[in-house]
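To be precise, the following lines are query.txt, and they hold compact mmCIF, N, CA, C and O atoms.
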# COMPACT_ATOMS: atom_id res chain seq x y z
N MET A 8 28.88 -8.77 -26.35
CA MET A 8 30.16 -9.36 -26.04
C MET A 8 30.19 -10.75 -26.69
O MET A 8 29.37 -11.59 -26.37
N ASP A 9 31.12 -10.96 -27.59
CA ASP A 9 31.18 -12.24 -28.28
C ASP A 9 31.83 -13.32 -27.41
O ASP A 9 32.39 -13.03 -26.35
N LYS A 10 31.79 -14.54 -27.86
CA LYS A 10 32.27 -15.68 -27.08
C LYS A 10 33.76 -15.64 -26.84
O LYS A 10 34.26 -16.20 -25.87
N LEU A 11 34.49 -14.97 -27.71
CA LEU A 11 35.94 -14.84 -27.55
C LEU A 11 36.29 -14.06 -26.29
O LEU A 11 37.31 -14.30 -25.66
N HIS A 12 35.40 -13.16 -25.87
CA HIS A 12 35.65 -12.29 -24.72
C HIS A 12 34.99 -12.81 -23.44
O HIS A 12 34.79 -12.04 -22.51
N ARG A 13 34.67 -14.10 -23.39
CA ARG A 13 34.04 -14.66 -22.20
C ARG A 13 34.93 -15.72 -21.57
O ARG A 13 35.60 -16.47 -22.27
N VAL A 14 34.91 -15.76 -20.26
CA VAL A 14 35.53 -16.86 -19.52
C VAL A 14 34.45 -17.92 -19.42
O VAL A 14 33.38 -17.66 -18.86
N ARG A 15 34.71 -19.10 -19.96
CA ARG A 15 33.66 -20.11 -20.03
C ARG A 15 33.97 -21.37 -19.25
O ARG A 15 33.07 -22.02 -18.72
N LYS A 16 35.24 -21.75 -19.17
CA LYS A 16 35.61 -23.01 -18.54
C LYS A 16 35.67 -22.87 -17.02
O LYS A 16 36.16 -21.88 -16.49
N ASN A 17 35.22 -23.90 -16.34
CA ASN A 17 35.24 -23.92 -14.89
C ASN A 17 36.66 -23.78 -14.36
O ASN A 17 36.89 -23.07 -13.38
N GLU A 18 37.63 -24.40 -15.01
CA GLU A 18 39.01 -24.32 -14.54
C GLU A 18 39.55 -22.88 -14.65
O GLU A 18 40.33 -22.46 -13.79
N ASP A 19 39.12 -22.14 -15.65
CA ASP A 19 39.52 -20.73 -15.75
C ASP A 19 38.89 -19.90 -14.63
O ASP A 19 39.55 -19.05 -14.04
N PHE A 20 37.61 -20.16 -14.34
CA PHE A 20 36.96 -19.50 -13.23
C PHE A 20 37.73 -19.76 -11.94
O PHE A 20 38.01 -18.84 -11.17
N GLN A 21 38.08 -21.02 -11.70
CA GLN A 21 38.76 -21.39 -10.47
C GLN A 21 40.14 -20.75 -10.36
O GLN A 21 40.55 -20.32 -9.27
N LYS A 22 40.89 -20.67 -11.46
CA LYS A 22 42.21 -20.03 -11.44
C LYS A 22 42.11 -18.57 -11.06
O LYS A 22 42.91 -18.06 -10.28
N ILE A 23 41.13 -17.88 -11.61
CA ILE A 23 40.97 -16.45 -11.34
C ILE A 23 40.54 -16.22 -9.90
O ILE A 23 41.07 -15.35 -9.20
N ILE A 24 39.60 -17.02 -9.42
CA ILE A 24 39.11 -16.87 -8.05
C ILE A 24 40.19 -17.28 -7.05
O ILE A 24 40.34 -16.64 -6.01
N LYS A 25 40.96 -18.30 -7.37
CA LYS A 25 42.02 -18.78 -6.47
C LYS A 25 43.10 -17.73 -6.26
O LYS A 25 43.74 -17.69 -5.22
N ASP A 26 43.29 -16.85 -7.22
CA ASP A 26 44.29 -15.78 -7.12
C ASP A 26 43.92 -14.76 -6.04
O ASP A 26 44.78 -14.02 -5.57
N LYS A 27 42.66 -14.70 -5.66
CA LYS A 27 42.13 -13.90 -4.55
C LYS A 27 42.31 -12.39 -4.69
O LYS A 27 42.39 -11.69 -3.71
N ASN A 28 42.36 -11.89 -5.91
CA ASN A 28 42.32 -10.44 -6.12
C ASN A 28 40.88 -10.08 -6.38
O ASN A 28 40.33 -10.41 -7.43
N SER A 29 40.24 -9.40 -5.43
CA SER A 29 38.83 -9.10 -5.60
C SER A 29 38.45 -7.77 -4.97
O SER A 29 39.15 -7.27 -4.09
N VAL A 30 37.36 -7.22 -5.47
CA VAL A 30 36.71 -6.05 -4.88
C VAL A 30 35.23 -6.38 -4.81
O VAL A 30 34.74 -7.19 -5.59
N ALA A 31 34.54 -5.74 -3.86
CA ALA A 31 33.13 -6.09 -3.68
C ALA A 31 32.34 -4.90 -3.16
O ALA A 31 32.90 -3.97 -2.58
N ASN A 32 31.05 -4.96 -3.38
CA ASN A 32 30.09 -4.06 -2.76
C ASN A 32 28.81 -4.86 -2.54
O ASN A 32 28.83 -6.08 -2.62
N ALA A 33 27.71 -4.18 -2.29
CA ALA A 33 26.47 -4.89 -1.96
C ALA A 33 25.89 -5.67 -3.13
O ALA A 33 25.16 -6.64 -2.93
N LYS A 34 26.23 -5.29 -4.38
CA LYS A 34 25.61 -5.91 -5.54
C LYS A 34 26.50 -6.85 -6.32
O LYS A 34 26.01 -7.72 -7.03
N PHE A 35 27.82 -6.67 -6.22
CA PHE A 35 28.76 -7.47 -7.02
C PHE A 35 29.98 -7.86 -6.20
O PHE A 35 30.37 -7.14 -5.28
N VAL A 36 30.59 -8.96 -6.61
CA VAL A 36 31.96 -9.30 -6.23
C VAL A 36 32.68 -9.47 -7.56
O VAL A 36 32.20 -10.19 -8.44
N VAL A 37 33.81 -8.78 -7.73
CA VAL A 37 34.55 -8.86 -8.98
C VAL A 37 35.95 -9.37 -8.68
O VAL A 37 36.71 -8.74 -7.94
N TYR A 38 36.28 -10.53 -9.24
CA TYR A 38 37.64 -11.07 -9.17
C TYR A 38 38.34 -10.69 -10.46
O TYR A 38 37.72 -10.66 -11.53
N TYR A 39 39.64 -10.43 -10.39
CA TYR A 39 40.38 -10.03 -11.58
C TYR A 39 41.78 -10.63 -11.57
O TYR A 39 42.34 -10.91 -10.51
N LYS A 40 42.31 -10.83 -12.77
CA LYS A 40 43.65 -11.39 -12.91
C LYS A 40 44.18 -11.04 -14.30
O LYS A 40 43.44 -11.10 -15.29
N GLN A 41 45.44 -10.67 -14.38
CA GLN A 41 46.08 -10.41 -15.67
C GLN A 41 46.11 -11.71 -16.46
O GLN A 41 46.29 -12.79 -15.90
N ASN A 42 45.94 -11.62 -17.79
CA ASN A 42 46.04 -12.81 -18.62
C ASN A 42 47.12 -12.62 -19.67
O ASN A 42 47.61 -11.51 -19.89
N ASP A 43 47.52 -13.70 -20.32
CA ASP A 43 48.57 -13.66 -21.33
C ASP A 43 48.02 -13.31 -22.71
O ASP A 43 48.76 -13.11 -23.65
N LEU A 44 46.71 -13.26 -22.81
CA LEU A 44 46.07 -12.91 -24.08
C LEU A 44 46.08 -11.40 -24.23
O LEU A 44 46.30 -10.67 -23.27
N SER A 45 45.84 -10.92 -25.40
CA SER A 45 45.81 -9.47 -25.60
C SER A 45 44.37 -8.97 -25.68
O SER A 45 44.05 -8.10 -26.47
N LEU A 46 43.51 -9.57 -24.86
CA LEU A 46 42.11 -9.16 -24.86
C LEU A 46 41.48 -9.33 -23.49
O LEU A 46 41.98 -10.05 -22.65
N LEU A 47 40.40 -8.63 -23.32
CA LEU A 47 39.62 -8.67 -22.09
C LEU A 47 38.69 -9.88 -22.13
O LEU A 47 38.08 -10.17 -23.16
N ARG A 48 38.60 -10.60 -21.00
CA ARG A 48 37.62 -11.70 -20.90
C ARG A 48 36.82 -11.51 -19.62
O ARG A 48 37.37 -11.12 -18.60
N ILE A 49 35.53 -11.80 -19.71
CA ILE A 49 34.63 -11.62 -18.56
C ILE A 49 33.80 -12.88 -18.37
O ILE A 49 33.25 -13.42 -19.33
N GLY A 50 33.70 -13.32 -17.12
CA GLY A 50 32.83 -14.43 -16.76
C GLY A 50 31.79 -13.92 -15.78
O GLY A 50 32.11 -13.10 -14.91
N ILE A 51 30.57 -14.38 -15.91
CA ILE A 51 29.48 -13.91 -15.05
C ILE A 51 28.88 -15.11 -14.33
O ILE A 51 28.59 -16.13 -14.95
N SER A 52 28.70 -14.95 -13.02
CA SER A 52 28.12 -16.01 -12.21
C SER A 52 26.91 -15.47 -11.46
O SER A 52 26.99 -14.45 -10.78
N VAL A 53 25.79 -16.17 -11.61
CA VAL A 53 24.54 -15.79 -10.93
C VAL A 53 24.03 -17.01 -10.17
O VAL A 53 23.79 -18.06 -10.77
N SER A 54 23.86 -16.87 -8.88
CA SER A 54 23.44 -17.97 -8.03
C SER A 54 21.98 -18.35 -8.25
O SER A 54 21.15 -17.51 -8.63
N LYS A 55 21.65 -19.58 -7.98
CA LYS A 55 20.26 -20.04 -8.06
C LYS A 55 19.39 -19.38 -7.00
O LYS A 55 18.17 -19.37 -7.11
N LYS A 56 20.02 -18.80 -5.99
CA LYS A 56 19.27 -18.11 -4.94
C LYS A 56 18.59 -16.85 -5.47
O LYS A 56 17.65 -16.35 -4.86
N LEU A 57 19.06 -16.33 -6.60
CA LEU A 57 18.49 -15.10 -7.16
C LEU A 57 17.20 -15.34 -7.93
O LEU A 57 16.47 -14.39 -8.21
N GLY A 58 16.93 -16.56 -8.31
CA GLY A 58 15.69 -16.82 -9.03
C GLY A 58 15.82 -18.02 -9.95
O GLY A 58 16.86 -18.66 -10.03
N LYS A 59 14.75 -18.28 -10.66
CA LYS A 59 14.74 -19.39 -11.61
C LYS A 59 15.51 -19.00 -12.87
O LYS A 59 16.01 -17.89 -12.99
N ALA A 60 15.61 -19.92 -13.80
CA ALA A 60 16.46 -19.76 -14.97
C ALA A 60 16.17 -18.49 -15.78
O ALA A 60 17.09 -17.81 -16.24
N VAL A 61 14.90 -18.15 -15.94
CA VAL A 61 14.54 -16.98 -16.73
C VAL A 61 15.10 -15.71 -16.09
O VAL A 61 15.68 -14.85 -16.76
N ILE A 62 14.97 -15.59 -14.78
CA ILE A 62 15.47 -14.43 -14.05
C ILE A 62 16.99 -14.38 -14.12
O ILE A 62 17.58 -13.33 -14.36
N ARG A 63 17.65 -15.52 -13.89
CA ARG A 63 19.12 -15.57 -13.93
C ARG A 63 19.65 -15.18 -15.30
O ARG A 63 20.63 -14.45 -15.42
N ASN A 64 18.99 -15.65 -16.36
CA ASN A 64 19.43 -15.30 -17.71
C ASN A 64 19.23 -13.81 -17.99
O ASN A 64 20.07 -13.19 -18.65
N LYS A 65 18.16 -13.24 -17.47
CA LYS A 65 17.94 -11.80 -17.63
C LYS A 65 19.04 -11.02 -16.93
O LYS A 65 19.58 -10.05 -17.47
N ILE A 66 19.39 -11.45 -15.73
CA ILE A 66 20.46 -10.79 -14.98
C ILE A 66 21.77 -10.89 -15.75
O ILE A 66 22.51 -9.90 -15.87
N LYS A 67 22.07 -12.06 -16.29
CA LYS A 67 23.31 -12.24 -17.06
C LYS A 67 23.34 -11.33 -18.28
O LYS A 67 24.38 -10.73 -18.59
N ARG A 68 22.22 -11.20 -18.97
CA ARG A 68 22.16 -10.30 -20.13
C ARG A 68 22.42 -8.86 -19.72
O ARG A 68 23.16 -8.13 -20.38
N GLN A 69 21.80 -8.45 -18.61
CA GLN A 69 22.01 -7.08 -18.13
C GLN A 69 23.46 -6.84 -17.73
O GLN A 69 24.05 -5.82 -18.10
N VAL A 70 24.04 -7.77 -17.00
CA VAL A 70 25.43 -7.61 -16.55
C VAL A 70 26.38 -7.63 -17.75
O VAL A 70 27.34 -6.86 -17.80
N ARG A 71 26.09 -8.46 -18.74
CA ARG A 71 26.92 -8.49 -19.95
C ARG A 71 26.90 -7.14 -20.66
O ARG A 71 27.92 -6.64 -21.11
N MET A 72 25.72 -6.53 -20.72
CA MET A 72 25.59 -5.22 -21.34
C MET A 72 26.32 -4.15 -20.53
O MET A 72 27.01 -3.29 -21.09
N MET A 73 26.19 -4.20 -19.22
CA MET A 73 26.91 -3.27 -18.35
C MET A 73 28.41 -3.41 -18.55
O MET A 73 29.12 -2.40 -18.66
N ALA A 74 28.89 -4.64 -18.59
CA ALA A 74 30.32 -4.89 -18.75
C ALA A 74 30.82 -4.34 -20.08
O ALA A 74 31.92 -3.78 -20.15
N ARG A 75 30.03 -4.48 -21.11
CA ARG A 75 30.41 -3.96 -22.42
C ARG A 75 30.58 -2.45 -22.37
O ARG A 75 31.47 -1.89 -22.99
N GLU A 76 29.71 -1.77 -21.60
CA GLU A 76 29.76 -0.32 -21.49
C GLU A 76 30.85 0.15 -20.54
O GLU A 76 31.42 1.23 -20.73
N VAL A 77 31.17 -0.63 -19.52
CA VAL A 77 32.06 -0.19 -18.45
C VAL A 77 33.52 -0.52 -18.70
O VAL A 77 34.40 0.32 -18.49
N PHE A 78 33.82 -1.74 -19.12
CA PHE A 78 35.21 -2.19 -19.23
C PHE A 78 35.79 -1.90 -20.61
O PHE A 78 35.11 -2.01 -21.62
N ASP A 79 37.09 -1.57 -20.63
CA ASP A 79 37.82 -1.29 -21.85
C ASP A 79 38.28 -2.61 -22.47
O ASP A 79 38.97 -3.39 -21.82
N GLU A 80 37.92 -2.87 -23.72
CA GLU A 80 38.22 -4.15 -24.36
C GLU A 80 39.69 -4.35 -24.70
O GLU A 80 40.10 -5.44 -25.05
N ASN A 81 40.50 -3.31 -24.59
CA ASN A 81 41.91 -3.43 -24.95
C ASN A 81 42.79 -3.88 -23.79
O ASN A 81 44.00 -3.96 -23.93
N GLN A 82 42.20 -4.16 -22.64
CA GLN A 82 42.96 -4.65 -21.49
C GLN A 82 43.28 -6.13 -21.70
O GLN A 82 42.59 -6.83 -22.43
N ASN A 83 44.31 -6.60 -21.02
CA ASN A 83 44.57 -8.04 -21.01
C ASN A 83 44.33 -8.56 -19.59
O ASN A 83 45.23 -8.97 -18.89
N VAL A 84 43.05 -8.50 -19.20
CA VAL A 84 42.62 -8.87 -17.86
C VAL A 84 41.42 -9.79 -17.97
O VAL A 84 40.59 -9.65 -18.85
N ASP A 85 41.35 -10.75 -17.03
CA ASP A 85 40.18 -11.59 -16.90
C ASP A 85 39.39 -11.11 -15.68
O ASP A 85 39.97 -10.84 -14.63
N TYR A 86 38.08 -11.00 -15.83
CA TYR A 86 37.20 -10.61 -14.73
C TYR A 86 36.16 -11.69 -14.51
O TYR A 86 35.62 -12.24 -15.47
N ILE A 87 35.86 -11.97 -13.25
CA ILE A 87 34.72 -12.81 -12.88
C ILE A 87 33.78 -11.91 -12.09
O ILE A 87 34.17 -11.37 -11.05
N ILE A 88 32.57 -11.75 -12.57
CA ILE A 88 31.58 -10.91 -11.89
C ILE A 88 30.55 -11.82 -11.26
O ILE A 88 29.85 -12.56 -11.96
N ILE A 89 30.47 -11.77 -9.94
CA ILE A 89 29.49 -12.55 -9.20
C ILE A 89 28.40 -11.59 -8.73
O ILE A 89 28.69 -10.59 -8.09
N VAL A 90 27.17 -11.91 -9.08
CA VAL A 90 26.04 -11.02 -8.78
C VAL A 90 25.43 -11.42 -7.43
O VAL A 90 25.19 -12.60 -7.18
N ARG A 91 25.18 -10.41 -6.60
CA ARG A 91 24.57 -10.64 -5.29
C ARG A 91 23.08 -10.30 -5.31
O ARG A 91 22.58 -9.66 -6.23
N LYS A 92 22.39 -10.70 -4.26
CA LYS A 92 20.93 -10.56 -4.18
C LYS A 92 20.44 -9.11 -4.26
O LYS A 92 19.38 -8.83 -4.81
N LYS A 93 21.21 -8.16 -3.73
CA LYS A 93 20.84 -6.75 -3.74
C LYS A 93 20.65 -6.21 -5.16
O LYS A 93 19.96 -5.21 -5.36
N PHE A 94 21.24 -6.88 -6.15
CA PHE A 94 21.14 -6.48 -7.56
C PHE A 94 19.68 -6.36 -7.99
O PHE A 94 19.31 -5.45 -8.72
N LEU A 95 18.83 -7.25 -7.52
CA LEU A 95 17.43 -7.29 -7.93
C LEU A 95 16.62 -6.10 -7.41
O LEU A 95 15.59 -5.76 -7.98
N GLU A 96 17.09 -5.47 -6.34
CA GLU A 96 16.32 -4.41 -5.69
C GLU A 96 16.55 -3.04 -6.32
O GLU A 96 15.84 -2.10 -6.00
N CYS A 97 17.54 -2.90 -7.22
CA CYS A 97 17.92 -1.59 -7.74
C CYS A 97 17.75 -1.51 -9.25
O CYS A 97 17.61 -2.52 -9.93
N SER A 98 17.81 -0.30 -9.76
CA SER A 98 17.64 -0.07 -11.19
C SER A 98 18.91 -0.40 -11.96
O SER A 98 19.99 -0.56 -11.39
N TYR A 99 18.78 -0.46 -13.26
CA TYR A 99 19.91 -0.75 -14.16
C TYR A 99 21.00 0.29 -13.96
O TYR A 99 22.18 -0.05 -13.84
N GLU A 100 20.64 1.56 -13.94
CA GLU A 100 21.63 2.64 -13.81
C GLU A 100 22.37 2.57 -12.47
O GLU A 100 23.58 2.77 -12.41
N SER A 101 21.65 2.30 -11.41
CA SER A 101 22.27 2.18 -10.09
C SER A 101 23.27 1.02 -10.07
O SER A 101 24.38 1.15 -9.55
N ASN A 102 22.86 -0.11 -10.63
CA ASN A 102 23.74 -1.27 -10.70
C ASN A 102 24.97 -0.97 -11.55
O ASN A 102 26.09 -1.35 -11.21
N LYS A 103 24.76 -0.28 -12.66
CA LYS A 103 25.87 0.07 -13.54
C LYS A 103 26.86 1.00 -12.83
O LYS A 103 28.08 0.83 -12.94
N ASN A 104 26.35 1.96 -12.08
CA ASN A 104 27.22 2.87 -11.33
C ASN A 104 28.05 2.12 -10.29
O ASN A 104 29.22 2.45 -10.07
N ASP A 105 27.46 1.11 -9.65
CA ASP A 105 28.22 0.30 -8.70
C ASP A 105 29.32 -0.49 -9.40
O ASP A 105 30.42 -0.64 -8.86
N LEU A 106 29.05 -0.97 -10.59
CA LEU A 106 30.07 -1.69 -11.36
C LEU A 106 31.19 -0.73 -11.80
O LEU A 106 32.36 -1.10 -11.76
N ILE A 107 30.84 0.48 -12.16
CA ILE A 107 31.85 1.49 -12.51
C ILE A 107 32.73 1.79 -11.31
O ILE A 107 33.96 1.91 -11.43
N PHE A 108 32.13 1.90 -10.13
CA PHE A 108 32.88 2.14 -8.91
C PHE A 108 33.91 1.03 -8.67
O PHE A 108 35.07 1.29 -8.36
N LEU A 109 33.48 -0.21 -8.86
CA LEU A 109 34.40 -1.34 -8.67
C LEU A 109 35.50 -1.35 -9.73
O LEU A 109 36.65 -1.66 -9.44
N ARG A 110 35.15 -0.99 -10.97
CA ARG A 110 36.15 -0.91 -12.02
C ARG A 110 37.25 0.10 -11.67
O ARG A 110 38.44 -0.17 -11.82
N ASP A 111 36.83 1.26 -11.15
CA ASP A 111 37.79 2.28 -10.77
C ASP A 111 38.67 1.82 -9.62
O ASP A 111 39.87 2.11 -9.58
N LYS A 112 38.08 1.10 -8.68
CA LYS A 112 38.83 0.55 -7.57
C LYS A 112 39.89 -0.45 -8.04
O LYS A 112 41.02 -0.46 -7.57
N ILE A 113 39.52 -1.28 -9.01
CA ILE A 113 40.45 -2.25 -9.58
C ILE A 113 41.59 -1.53 -10.30
O ILE A 113 42.76 -1.90 -10.17
N LYS A 114 41.26 -0.48 -11.07
CA LYS A 114 42.29 0.28 -11.78
C LYS A 114 43.32 0.85 -10.80
O LYS A 114 44.52 0.81 -11.07
N LYS A 115 42.85 1.40 -9.67
CA LYS A 115 43.76 1.95 -8.68
C LYS A 115 44.69 0.87 -8.13
O LYS A 115 45.88 1.10 -7.95
N ARG A 116 44.16 -0.30 -7.85
CA ARG A 116 44.97 -1.40 -7.32
C ARG A 116 45.98 -1.92 -8.35
O ARG A 116 47.09 -2.26 -7.99
N MET A 117 45.58 -1.98 -9.60
CA MET A 117 46.48 -2.51 -10.63
C MET A 117 47.58 -1.51 -11.01
O MET A 117 48.63 -1.91 -11.48
N ASP A 118 47.32 -0.22 -10.81
CA ASP A 118 48.33 0.79 -11.12
C ASP A 118 49.45 0.86 -10.09
O ASP A 118 50.51 1.41 -10.37
N LYS A 119 49.20 0.32 -8.91
CA LYS A 119 50.23 0.36 -7.86
C LYS A 119 51.40 -0.53 -8.20
O LYS A 119 51.40 -1.46 -8.84
Any chance you could put this one into structure tokens?
Amino acid sequence: MDKLHRVRKNEDFQKIIKDKNSVANAKFVVYYKQNDLSLLRIGISVSKKLGKAVIRNKIKRQVRMMAREVFDENQNVDYIIIVRKKFLECSYESNKNDLIFLRDKIKKRMDK
């Protein structure tokens, strides 16, 4: 996922979270909001409670890869993915399936 498809600024994170459209499970909280751009943007947040910098960066790389596989790049939506502690206890495939479940839940809500 290149830098064009990332939410990077704190003010953008805050705007998306302030909108309060979210879905969650034991491993992720995903906030979402329509954007005026014609592309998908994703921001990833990993708490210091999950580990030191090396562990957090590994988690971010994994989530970035999952997002690339799960989300359609032709959407004009911003997503903020917040990783929870349960993420560390499960495999990559299990975590990916939970993210797919949340994606489907978001699609149902946005289609209404």
Stretch 53-63 of chain A environment, 6 Å, all atoms listed in the file, sequence neighbours closer than 6 positions dropped, as a short mmCIF file (atom, residue, chain, number, x, y, z; two decimals) with N, CA, C and O atoms, keeping the file's coordinate frame:
data_model
loop_
_atom_site.label_atom_id
_atom_site.label_comp_id
_atom_site.auth_asym_id
_atom_site.auth_seq_id
_atom_site.Cartn_x
_atom_site.Cartn_y
_atom_site.Cartn_z
N ILE A 88 32.57 -11.75 -12.57
CA ILE A 88 31.58 -10.91 -11.89
C ILE A 88 30.55 -11.82 -11.26
O ILE A 88 29.85 -12.56 -11.96
N ILE A 89 30.47 -11.77 -9.94
CA ILE A 89 29.49 -12.55 -9.20
C ILE A 89 28.40 -11.59 -8.73
O ILE A 89 28.69 -10.59 -8.09
N VAL A 90 27.17 -11.91 -9.08
CA VAL A 90 26.04 -11.02 -8.78
C VAL A 90 25.43 -11.42 -7.43
O VAL A 90 25.19 -12.60 -7.18
N LYS A 92 22.39 -10.70 -4.26
CA LYS A 92 20.93 -10.56 -4.18
C LYS A 92 20.44 -9.11 -4.26
O LYS A 92 19.38 -8.83 -4.81
#
Checklist line | Which of A:Ile87, A:Lys10, A:Arg68, A:Lys93 sits closest to A:Ser29 [using all atoms listed in the file] | finding: A:Ile87
Margin query: Using DSSP secondary structure from the backbone, list all strand (DSSP E or B) positions within chain A, as a ChimeraX atom specification.
Written below: /A:13,29-31,35-41,48-53,84-90
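Using all atoms listed in the file for every distance, the candidate list A:Ile24, A:Met73, A:Val30, A:Val37 yields A:Met73 as the residue closest to A:Asn102.
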Next item on the list: Name the closest residue to A:Asn64 among the candidates A:Val36, A:Gln41, A:Ser52, A:Phe20; distances are taken between atoms, counting only C-alpha atoms.
Entry: A:Ser52
Note to self: Would you pick out the contacts of A:Lys40 at 5 Å or less, using only N, CA, C and O atoms, so that residues sharing its chain but fewer than 2 positions from it are not included, and give the list as a PyMOL selection string?
What the structure shows: chain A and resi 38+42+83-85
Notebook entry, point to check: Nearest to A:Phe78 among A:Ala31, A:Ile51, A:Ile107, A:Leu44, with distances taken over only C-alpha atoms: which residue is it?
Noted result: A:Ile107
Check: Mind pulling up the distance from atom O of A:Asn17 to atom C of A:Lys112?
Finding: 23.4 Å
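Reported to one decimal place, the separation of atom O of A:Leu109 from atom CA of A:Gln82 is 13.9 Å.
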Next item on the list: Name the closest residue to A:Asp26 among the candidates A:Gly50, A:Ala74, A:Tyr86, A:Asp9; distances are taken between atoms, counting only C-alpha atoms.
Entry: A:Tyr86
